[in-house]
file work27.cif (mmCIF, C-alpha atoms)
data_structure
loop_
_atom_site.label_atom_id
_atom_site.label_comp_id
_atom_site.auth_asym_id
_atom_site.auth_seq_id
_atom_site.Cartn_x
_atom_site.Cartn_y
_atom_site.Cartn_z
CA MET A 221 -26.81 2.72 30.38
CA LYS A 222 -24.27 4.91 28.66
CA VAL A 223 -20.76 3.69 27.86
CA SER A 224 -17.91 5.00 25.71
CA VAL A 225 -16.35 2.99 22.90
CA GLN A 226 -13.03 3.45 21.14
CA TYR A 227 -12.47 1.78 17.77
CA PHE A 228 -9.15 0.61 16.36
CA ALA A 229 -7.80 -0.77 13.09
CA SER A 230 -10.42 -2.50 10.90
CA LEU A 231 -13.22 -1.65 13.35
CA ARG A 232 -12.29 2.04 13.22
CA GLU A 233 -12.42 1.92 9.44
CA SER A 234 -15.74 0.02 9.36
CA SER A 235 -17.46 2.34 11.83
CA GLY A 236 -15.86 5.47 10.38
CA ILE A 237 -15.32 6.86 13.88
CA GLU A 238 -12.61 6.70 16.53
CA GLU A 239 -14.69 7.14 19.65
CA GLU A 240 -18.31 7.59 20.70
CA GLN A 241 -20.70 7.52 23.64
CA ILE A 242 -23.49 4.98 23.24
CA GLU A 243 -26.66 4.14 25.09
CA THR A 244 -27.07 0.36 25.25
CA ALA A 245 -29.37 -2.16 26.88
CA THR A 246 -27.00 -5.09 26.33
CA GLU A 247 -25.56 -6.73 29.43
CA THR A 248 -22.24 -8.26 28.39
CA VAL A 249 -19.36 -6.91 26.36
CA SER A 250 -19.83 -9.65 23.77
CA ASP A 251 -23.54 -8.84 23.30
CA PHE A 252 -22.56 -5.21 23.02
CA TYR A 253 -20.09 -6.13 20.27
CA LEU A 254 -22.82 -8.02 18.40
CA GLU A 255 -25.11 -5.01 18.64
CA LEU A 256 -22.44 -2.73 17.15
CA ALA A 257 -21.38 -5.33 14.59
CA LYS A 258 -24.92 -5.25 13.25
CA LYS A 259 -25.07 -1.46 13.29
CA TYR A 260 -21.73 -0.95 11.52
CA GLN A 261 -21.60 -4.25 9.62
CA PHE A 262 -18.32 -5.36 11.20
CA SER A 263 -16.95 -8.35 9.33
CA LEU A 264 -14.90 -9.61 12.31
CA GLN A 265 -16.48 -12.65 13.97
CA LEU A 266 -17.13 -12.49 17.71
CA THR A 267 -14.62 -15.31 18.25
CA SER A 268 -11.81 -13.21 16.70
CA VAL A 269 -12.36 -10.25 19.02
CA ARG A 270 -10.98 -9.65 22.52
CA PHE A 271 -12.40 -7.13 24.93
CA ALA A 272 -11.01 -4.41 27.16
CA VAL A 273 -12.95 -2.41 29.73
CA ASN A 274 -11.41 0.58 31.49
CA GLY A 275 -7.95 -0.28 30.17
CA GLN A 276 -7.88 -3.97 31.13
CA PHE A 277 -8.53 -7.16 29.18
CA VAL A 278 -11.80 -8.76 30.31
CA PRO A 279 -13.64 -12.00 29.41
CA ALA A 280 -16.40 -11.93 26.78
CA ALA A 281 -19.07 -12.56 29.42
CA SER A 282 -18.12 -9.50 31.50
CA LEU A 283 -21.03 -7.29 32.49
CA LEU A 284 -21.15 -3.68 31.36
CA ASN A 285 -21.53 -0.83 33.82
CA GLU A 286 -22.55 2.79 33.41
CA GLY A 287 -19.61 4.90 32.25
CA ASP A 288 -17.39 1.97 31.21
CA ARG A 289 -14.72 2.63 28.57
CA VAL A 290 -15.02 -0.28 26.15
CA VAL A 291 -12.52 -1.28 23.47
CA PHE A 292 -12.90 -4.18 21.08
CA ILE A 293 -9.54 -5.70 20.19
CA PRO A 294 -9.28 -7.10 16.64
CA PRO A 295 -6.60 -9.77 16.05
CA VAL A 296 -3.30 -8.10 16.96
CA ALA A 297 -0.23 -7.98 14.73
CA GLY A 298 2.60 -6.14 16.43
CA GLY A 299 6.28 -6.75 15.77
CA MET B 181 9.70 1.92 31.93
CA LYS B 182 10.49 -1.27 30.07
CA PHE B 183 8.05 -0.98 27.16
CA LEU B 184 7.88 2.16 25.05
CA LEU B 185 5.83 3.25 22.05
CA THR B 186 7.23 5.87 19.71
CA SER B 187 6.17 7.59 16.52
CA GLU B 188 9.78 8.61 15.82
CA THR B 189 12.54 6.59 14.13
CA ILE B 190 13.91 4.09 16.65
CA ILE B 191 17.48 4.91 17.59
CA PRO B 192 19.09 1.95 19.41
CA PRO B 193 19.42 3.14 23.02
CA GLN B 194 22.42 2.91 25.33
CA PHE B 195 21.70 -0.31 27.12
CA SER B 196 24.37 -1.99 29.23
CA GLU B 197 25.20 -3.20 32.70
CA ALA B 198 28.55 -4.26 34.19
CA SER B 199 27.24 -7.60 35.46
CA ALA B 200 25.90 -8.58 32.03
CA GLY B 201 27.92 -11.21 30.20
CA ALA B 202 25.42 -11.25 27.35
CA LYS B 203 23.43 -8.65 25.50
CA VAL B 204 21.02 -9.85 22.83
CA VAL B 205 19.25 -7.32 20.63
CA PHE B 206 16.46 -8.09 18.19
CA GLU B 207 15.31 -5.63 15.56
CA GLY B 208 12.11 -6.31 13.65
CA VAL B 209 12.46 -4.60 10.27
CA VAL B 210 9.86 -3.70 7.64
CA ARG B 211 10.20 -6.21 4.79
CA ASN B 212 9.42 -5.50 1.14
CA SER B 213 7.05 -8.45 0.64
CA HIS B 214 4.34 -10.49 2.30
CA LYS B 215 2.81 -13.65 0.83
CA GLY B 216 4.10 -12.78 -2.61
CA ARG B 217 2.81 -9.20 -2.57
CA GLU B 218 5.20 -6.26 -2.82
CA VAL B 219 4.90 -4.13 0.31
CA VAL B 220 5.83 -0.45 0.11
CA GLN B 221 4.66 0.81 3.50
CA LEU B 222 3.40 -0.39 6.86
CA GLU B 223 1.08 1.42 9.21
CA TYR B 224 1.11 0.53 12.91
CA GLU B 225 -1.69 1.56 15.23
CA SER B 226 -1.97 0.86 18.95
CA TYR B 227 -4.34 1.12 21.86
CA ASN B 228 -1.70 2.97 23.86
CA GLU B 229 -3.06 2.58 27.38
CA LEU B 230 -3.39 -1.21 27.21
CA ALA B 231 -0.36 -1.75 24.93
CA ILE B 232 1.88 -0.04 27.48
CA SER B 233 0.48 -1.79 30.56
CA GLU B 234 0.47 -5.19 28.86
CA GLY B 235 3.93 -4.53 27.38
CA GLU B 236 5.37 -3.57 30.79
CA GLN B 237 3.92 -6.77 32.24
CA LEU B 238 5.33 -8.87 29.40
CA VAL B 239 8.87 -7.52 29.78
CA SER B 240 8.70 -7.95 33.56
CA GLU B 241 7.58 -11.55 33.06
CA ALA B 242 10.56 -12.17 30.77
CA ILE B 243 12.96 -10.69 33.35
CA ALA B 244 11.57 -12.95 36.09
CA LYS B 245 11.26 -16.09 33.94
CA TYR B 246 14.79 -15.91 32.49
CA GLU B 247 16.49 -14.25 35.48
CA LEU B 248 17.60 -11.29 33.39
CA ILE B 249 19.46 -8.25 34.63
CA ASP B 250 17.27 -6.00 32.53
CA ALA B 251 15.21 -5.83 29.33
CA LEU B 252 13.73 -3.08 27.20
CA THR B 253 11.30 -3.07 24.29
CA ILE B 254 10.54 -0.15 21.96
CA HIS B 255 7.74 -0.41 19.39
CA ARG B 256 7.22 2.04 16.55
CA ILE B 257 3.76 3.40 15.73
CA GLY B 258 2.65 5.23 12.57
CA THR B 259 3.77 4.93 8.97
CA LEU B 260 7.00 3.04 8.21
CA THR B 261 8.78 2.33 4.96
CA VAL B 262 10.81 -0.73 3.93
CA GLY B 263 13.98 -1.14 5.98
CA GLU B 264 12.81 0.83 9.01
CA VAL B 265 12.92 -0.72 12.47
CA ALA B 266 9.42 -1.53 13.75
CA VAL B 267 10.47 -3.06 17.05
CA TRP B 268 13.69 -3.05 19.09
CA ILE B 269 14.21 -5.52 21.94
CA GLY B 270 17.29 -5.52 24.16
CA VAL B 271 18.01 -8.10 26.83
CA LEU B 272 20.83 -8.18 29.41
CA SER B 273 21.73 -11.40 31.19
CA PRO B 274 24.71 -12.86 33.04
CA HIS B 275 24.89 -15.62 30.38
CA ARG B 276 23.98 -15.87 26.70
CA LYS B 277 21.54 -18.78 26.69
CA ASN B 278 18.81 -17.05 28.67
CA ALA B 279 19.41 -13.81 26.79
CA PHE B 280 18.59 -15.50 23.47
CA LEU B 281 15.58 -17.32 24.93
CA ALA B 282 14.20 -14.21 26.61
CA CYS B 283 14.52 -12.13 23.46
CA GLU B 284 12.55 -14.71 21.47
CA PHE B 285 9.97 -15.00 24.26
CA ILE B 286 9.36 -11.25 24.22
CA ILE B 287 8.87 -10.96 20.45
CA ASP B 288 6.67 -14.08 20.28
CA GLU B 289 4.43 -12.93 23.14
CA LEU B 290 4.34 -9.36 21.89
CA LYS B 291 2.87 -10.57 18.59
CA LEU B 292 0.18 -12.50 20.48
CA ARG B 293 -0.74 -10.18 23.32
CA ILE B 294 -0.04 -6.52 22.73
CA PRO B 295 -2.87 -4.47 21.16
CA ILE B 296 -0.92 -3.20 18.16
CA TRP B 297 -2.23 -3.56 14.62
CA LYS B 298 -0.46 -3.53 11.28
CA LYS B 299 -1.75 -2.51 7.89
CA GLU B 300 0.23 -3.32 4.77
CA HIS B 301 0.20 -1.04 1.75
CA TYR B 302 1.02 -2.82 -1.51
CA ARG B 303 2.72 -1.67 -4.71
CA GLU B 304 -0.60 -1.93 -6.57
CA GLY B 305 -2.12 0.69 -4.25
CA ASP B 306 -4.41 -1.52 -2.16
CA SER B 307 -3.91 -2.35 1.52
CA GLY B 308 -4.97 -4.78 4.22
CA TRP B 309 -4.91 -5.34 7.99
CA ILE B 310 -2.71 -8.26 8.97
CA GLU B 311 -3.71 -11.10 11.27
CA GLN B 312 -0.73 -12.67 12.97
CA GLN B 313 0.23 -16.02 11.44
CA PHE B 314 1.85 -18.77 13.49
#
call {"tool": "encode", "arguments": {"input": "work27.cif", "output": "structure tokens"}}
result
Amino acid sequence: MKVSVQYFASLRESSGIEEEQIETATETVSDFYLELAKKYQFSLQLTSVRFAVNGQFVPAASLLNEGDRVVFIPPVAGG
Amino acid sequence: MKFLLTSETIIPPQFSEASAGAKVVFEGVVRNSHKGREVVQLEYESYNELAISEGEQLVSEAIAKYELIDALTIHRIGTLTVGEVAVWIGVLSPHRKNAFLACEFIIDELKLRIPIWKKEHYREGDSGWIEQQF
């Protein structure tokens, strides 16, 4: 299936891109993260990352669907 | 709108209400050091869509939890130098106690929940993304 991914902060810098469309066979958002972590050599551990799909926080075990907009959320530091 | 992101200098807004006996304002300001390193600049980045929806929810939660009259949060995005305001929080309440508590609740939760990231640029020329410390 094809999904879109937006990268922020350290993940944007590691991947070198802000946004892309990707074909993936992974089922969950966390497996998808692991696939991309390997591809782009992300140093952030899975346990440090939160997930958003279509503009909402979702659990790590959430299933991906065709056309989803996925964002991986590195540890936040507002304020 | 109770949670705003801006790439412009934050100018404290007009924020008042006749039934408010207390107004507490918190300004988070860019400091010149972090863990012994001299900081010259901060860079804030956000996932706007989720930051705004989660921020709106957070401020609404604070209003309900502390029975506030109103509350407003403005967060700066982009490059900031030492002394600039990174976040402005204003809270209106009939009485002071809940106004103080609500203001602290909003800044504490904001640091935990809102998808905003901060990169520090140091005097020596290097930089690093910050993970919130508690």
call {"tool": "interface_residues", "arguments": {"input": "work27.cif", "of": "chain A", "to": "chain B", "cutoff": "12 Å", "atoms": "only C-alpha atoms", "output": "number ranges by chain"}}
result
A: 226-233, 238, 264, 268-278, 289-299
call {"tool": "closest_residue", "arguments": {"input": "work27.cif", "among": "B:Glu284, B:Glu236, B:Asp306, B:Glu247", "to": "Phe206 (chain B)", "atoms": "all atoms listed in the file"}}
result
B:Glu284
call {"tool": "residues_around", "arguments": {"input": "work27.cif", "residues": "region 244-251 of chain A", "least_positions_apart": "5", "cutoff": "8 Å", "atoms": "only C-alpha atoms", "output": "PDB file with C-alpha atoms, in the frame of the given file"}}
result
ATOM      1  CA  MET A 221     -26.810   2.720  30.380  1.00  0.00           C
ATOM      2  CA  LYS A 222     -24.270   4.910  28.660  1.00  0.00           C
ATOM      3  CA  VAL A 223     -20.760   3.690  27.860  1.00  0.00           C
ATOM      4  CA  LEU A 266     -17.130 -12.490  17.710  1.00  0.00           C
ATOM      5  CA  PHE A 271     -12.400  -7.130  24.930  1.00  0.00           C
ATOM      6  CA  ALA A 280     -16.400 -11.930  26.780  1.00  0.00           C
ATOM      7  CA  ALA A 281     -19.070 -12.560  29.420  1.00  0.00           C
ATOM      8  CA  SER A 282     -18.120  -9.500  31.500  1.00  0.00           C
ATOM      9  CA  LEU A 283     -21.030  -7.290  32.490  1.00  0.00           C
ATOM     10  CA  LEU A 284     -21.150  -3.680  31.360  1.00  0.00           C
ATOM     11  CA  VAL A 290     -15.020  -0.280  26.150  1.00  0.00           C
TER      12      VAL A 290
END
call {"tool": "resolve_selection", "arguments": {"input": "work27.cif", "expression": "the PyMOL selection byres ((chain B and resi 203) around 12)", "output": "ChimeraX atom specification"}}
result
/B:194-202,204-206,248-252,269-283
call {"tool": "atom_distance", "arguments": {"input": "work27.cif", "atom1": "CA of Gln221 (chain B)", "atom2": "CA of Leu260 (chain B)"}}
result
5.7 Å
call {"tool": "atom_distance", "arguments": {"input": "work27.cif", "atom1": "CA of Ile286 (chain B)", "atom2": "CA of Leu238 (chain B)"}}
result
7.0 Å
call {"tool": "resolve_selection", "arguments": {"input": "work27.cif", "expression": "the PyMOL selection byres ((chain A and resi 260) around 9)", "output": "list of chain:residue names"}}
result
A:Leu231, A:Ser234, A:Ser235, A:Gly236, A:Glu255, A:Leu256, A:Ala257, A:Lys258, A:Lys259, A:Gln261, A:Phe262
call {"tool": "decode", "arguments": {"input": "work27.cif", "residues": "region 225-252 of chain A", "atoms": "N, CA, C and O atoms", "output": "short mmCIF file (atom, residue, chain, number, x, y, z; two decimals), in the first residue's frame"}}
result
data_model
loop_
_atom_site.label_atom_id
_atom_site.label_comp_id
_atom_site.auth_asym_id
_atom_site.auth_seq_id
_atom_site.Cartn_x
_atom_site.Cartn_y
_atom_site.Cartn_z
N VAL A 225 4.43 10.19 4.29
CA VAL A 225 5.13 10.40 5.56
C VAL A 225 5.69 11.81 5.60
O VAL A 225 6.23 12.30 4.60
N GLN A 226 5.53 12.45 6.75
CA GLN A 226 6.14 13.77 6.98
C GLN A 226 7.17 13.60 8.08
O GLN A 226 6.89 12.93 9.09
N TYR A 227 8.33 14.20 7.90
CA TYR A 227 9.40 14.07 8.90
C TYR A 227 9.63 15.39 9.61
O TYR A 227 9.63 16.45 8.98
N PHE A 228 9.88 15.32 10.91
CA PHE A 228 10.15 16.53 11.69
C PHE A 228 11.42 16.37 12.52
O PHE A 228 11.82 15.26 12.87
N ALA A 229 12.00 17.52 12.83
CA ALA A 229 13.13 17.62 13.76
C ALA A 229 14.26 16.66 13.38
O ALA A 229 14.69 16.66 12.23
N SER A 230 14.73 15.84 14.33
CA SER A 230 15.91 15.00 14.05
C SER A 230 15.62 13.99 12.94
O SER A 230 16.53 13.62 12.18
N LEU A 231 14.37 13.56 12.79
CA LEU A 231 14.05 12.59 11.74
C LEU A 231 14.09 13.26 10.36
O LEU A 231 14.48 12.64 9.37
N ARG A 232 13.70 14.53 10.31
CA ARG A 232 13.79 15.28 9.05
C ARG A 232 15.26 15.42 8.65
O ARG A 232 15.62 15.24 7.48
N GLU A 233 16.10 15.71 9.64
CA GLU A 233 17.52 15.88 9.33
C GLU A 233 18.17 14.56 8.92
O GLU A 233 19.00 14.53 8.01
N SER A 234 17.78 13.47 9.60
CA SER A 234 18.38 12.16 9.27
C SER A 234 17.96 11.68 7.89
O SER A 234 18.76 11.12 7.15
N SER A 235 16.69 11.89 7.55
CA SER A 235 16.20 11.40 6.25
C SER A 235 16.59 12.35 5.12
O SER A 235 16.70 11.95 3.97
N GLY A 236 16.79 13.62 5.48
CA GLY A 236 17.13 14.63 4.47
C GLY A 236 15.93 15.09 3.66
O GLY A 236 16.08 15.80 2.68
N ILE A 237 14.73 14.65 4.05
CA ILE A 237 13.52 15.08 3.34
C ILE A 237 12.41 15.46 4.32
O ILE A 237 12.41 15.03 5.47
N GLU A 238 11.48 16.28 3.83
CA GLU A 238 10.38 16.72 4.69
C GLU A 238 9.16 15.83 4.53
O GLU A 238 8.39 15.65 5.47
N GLU A 239 8.98 15.30 3.33
CA GLU A 239 7.75 14.57 3.06
C GLU A 239 7.98 13.64 1.88
O GLU A 239 8.73 13.98 0.96
N GLU A 240 7.35 12.47 1.91
CA GLU A 240 7.44 11.56 0.75
C GLU A 240 6.28 10.58 0.74
O GLU A 240 5.60 10.38 1.74
N GLN A 241 6.05 10.01 -0.42
CA GLN A 241 5.07 8.93 -0.58
C GLN A 241 5.87 7.64 -0.62
O GLN A 241 6.88 7.57 -1.31
N ILE A 242 5.42 6.64 0.14
CA ILE A 242 6.17 5.38 0.20
C ILE A 242 5.25 4.19 0.03
O ILE A 242 4.14 4.17 0.57
N GLU A 243 5.74 3.21 -0.67
CA GLU A 243 5.06 1.93 -0.81
C GLU A 243 5.60 1.04 0.32
O GLU A 243 6.81 0.92 0.47
N THR A 244 4.70 0.49 1.12
CA THR A 244 5.18 -0.37 2.21
C THR A 244 4.31 -1.61 2.35
O THR A 244 3.11 -1.59 2.03
N ALA A 245 4.95 -2.68 2.85
CA ALA A 245 4.20 -3.91 3.10
C ALA A 245 4.01 -4.11 4.60
O ALA A 245 3.41 -5.09 5.04
N THR A 246 4.53 -3.17 5.40
CA THR A 246 4.39 -3.32 6.86
C THR A 246 2.95 -3.07 7.27
O THR A 246 2.21 -2.34 6.60
N GLU A 247 2.57 -3.68 8.40
CA GLU A 247 1.16 -3.59 8.81
C GLU A 247 0.89 -2.51 9.85
O GLU A 247 -0.16 -1.88 9.83
N THR A 248 1.81 -2.35 10.78
CA THR A 248 1.57 -1.39 11.87
C THR A 248 2.47 -0.16 11.72
O THR A 248 3.50 -0.21 11.06
N VAL A 249 2.07 0.92 12.39
CA VAL A 249 2.88 2.13 12.31
C VAL A 249 4.27 1.92 12.93
O VAL A 249 5.25 2.48 12.46
N SER A 250 4.34 1.07 13.96
CA SER A 250 5.65 0.86 14.58
C SER A 250 6.57 0.04 13.67
O SER A 250 7.77 0.31 13.58
N ASP A 251 6.01 -0.98 12.98
CA ASP A 251 6.84 -1.73 12.03
C ASP A 251 7.29 -0.84 10.87
O ASP A 251 8.40 -0.97 10.37
N PHE A 252 6.40 0.07 10.49
CA PHE A 252 6.72 1.01 9.43
C PHE A 252 7.88 1.91 9.86
O PHE A 252 8.81 2.18 9.11
#
